[in-house]
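Below: one structure, written as structure tokens.
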Amino acid sequence: MPLFDPVYISQDVQAQLKEGFIVRPLEASDYEKGFLDALSQLTTVGKMSKGQFMERYSYLKAHNHEYFTIVIEDTKKQLIVGAGTILVERKFVHMNGLVGHIEDIVTRSDYRGLNLGKLVIETLKHIGKMTGCYKIILDCNDKNIPFYQKCGFAHKEFEMVLYIDENDPVKTPKAKL
């Protein structure tokens, strides 16, 4: 069962993929197909059991009007080789407008150079348009600015971040979200 309705997937992007590749919504079975391994090439994932994965997947599925995680699968190897997410934020500004936030863009290192990252971005932009977003934003490091500019994004403003120390004694237990 897909995370969200596949009608949001761009047929133009699908047509650009080489034979043996498919772009689609995340599925529960992607745990076994290396989804988390792909994400670990981007950032820290940690050891996650199938149960923990399914708990998060179920939450996202219950909120699939806000969370759109897509994957590119090498169907011959049954391997997730690319992924990304667009979160749809509901605003008060712009007459209760919607803003898409692109996150967690990754292509497996041994599949880079096949234009998959661009196709992940194009798919997420398509979802943002289909859901009615008035803008789509993302954060990236300096070395990735040229890639995102090629994908149609413009450099604007600056990102700020505050990381919460897991060992901070004042930190309250994580709320179940």
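Simple scheme: letters A, B, ... for chains in structure tokens order, numbers from 1 for residues in each chain, numbers from 1 for ligands in the order shown.
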Which residues are near Asp5 in chain A? Cut-off 10 Å, only C-alpha atoms, ignore same chain within fewer than 5 positions. Put them as a PyMOL selection string. chain A and resi 24-25+64-65+68
Compile the contact shell of range 111-115 of chain A as number ranges by chain: residues with an atom at most 10 Å away, counting only C-alpha atoms, same-chain residues fewer than 5 positions apart removed. A: 16-18, 74, 81-82, 106, 120
Within 9 Å of Tyr8 in chain A using only C-alpha atoms, minus same-chain residues under 5 positions, as an MDAnalysis selection string: chainID A and resid 25 123 126:127 130:131
Write out as a compact mmCIF listing (two decimals) with N, CA, C and O atoms, in the first residue's frame each polymer residue whose atoms come within 8 Å of Tyr31 in chain A, counting only C-alpha atoms; drop sequence neighbours fewer than 3 positions from it.
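And here's part26.txt as it stands now:
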```txt
# COMPACT_ATOMS: atom_id res chain seq x y z
N ALA A 28 5.49 0.44 2.56
CA ALA A 28 5.99 -0.24 3.76
C ALA A 28 7.09 -1.24 3.42
O ALA A 28 8.05 -1.41 4.17
N GLY A 34 15.87 -1.27 1.16
CA GLY A 34 17.02 -0.40 1.41
C GLY A 34 16.73 1.08 1.49
O GLY A 34 17.64 1.90 1.33
N PHE A 35 15.48 1.45 1.79
CA PHE A 35 15.14 2.86 1.92
C PHE A 35 16.01 3.54 2.97
O PHE A 35 16.60 4.60 2.72
N LEU A 36 16.14 2.94 4.14
CA LEU A 36 16.93 3.56 5.21
C LEU A 36 18.42 3.56 4.88
O LEU A 36 19.14 4.49 5.26
N LYS A 50 12.04 -2.81 12.08
CA LYS A 50 10.88 -2.77 11.17
C LYS A 50 9.68 -2.19 11.91
O LYS A 50 8.92 -1.41 11.34
N PHE A 53 10.05 1.55 12.04
CA PHE A 53 9.79 2.07 10.70
C PHE A 53 8.28 2.10 10.44
O PHE A 53 7.74 3.09 9.95
```
Among chain A, which residues does DSSP mark as alpha helix (DSSP H) when it is run on the backbone? Keep the chain and numbering as in the structure and answer as a PyMOL selection string. chain A and resi 11-16+35-39+50-62+93-96+116-130+145-150
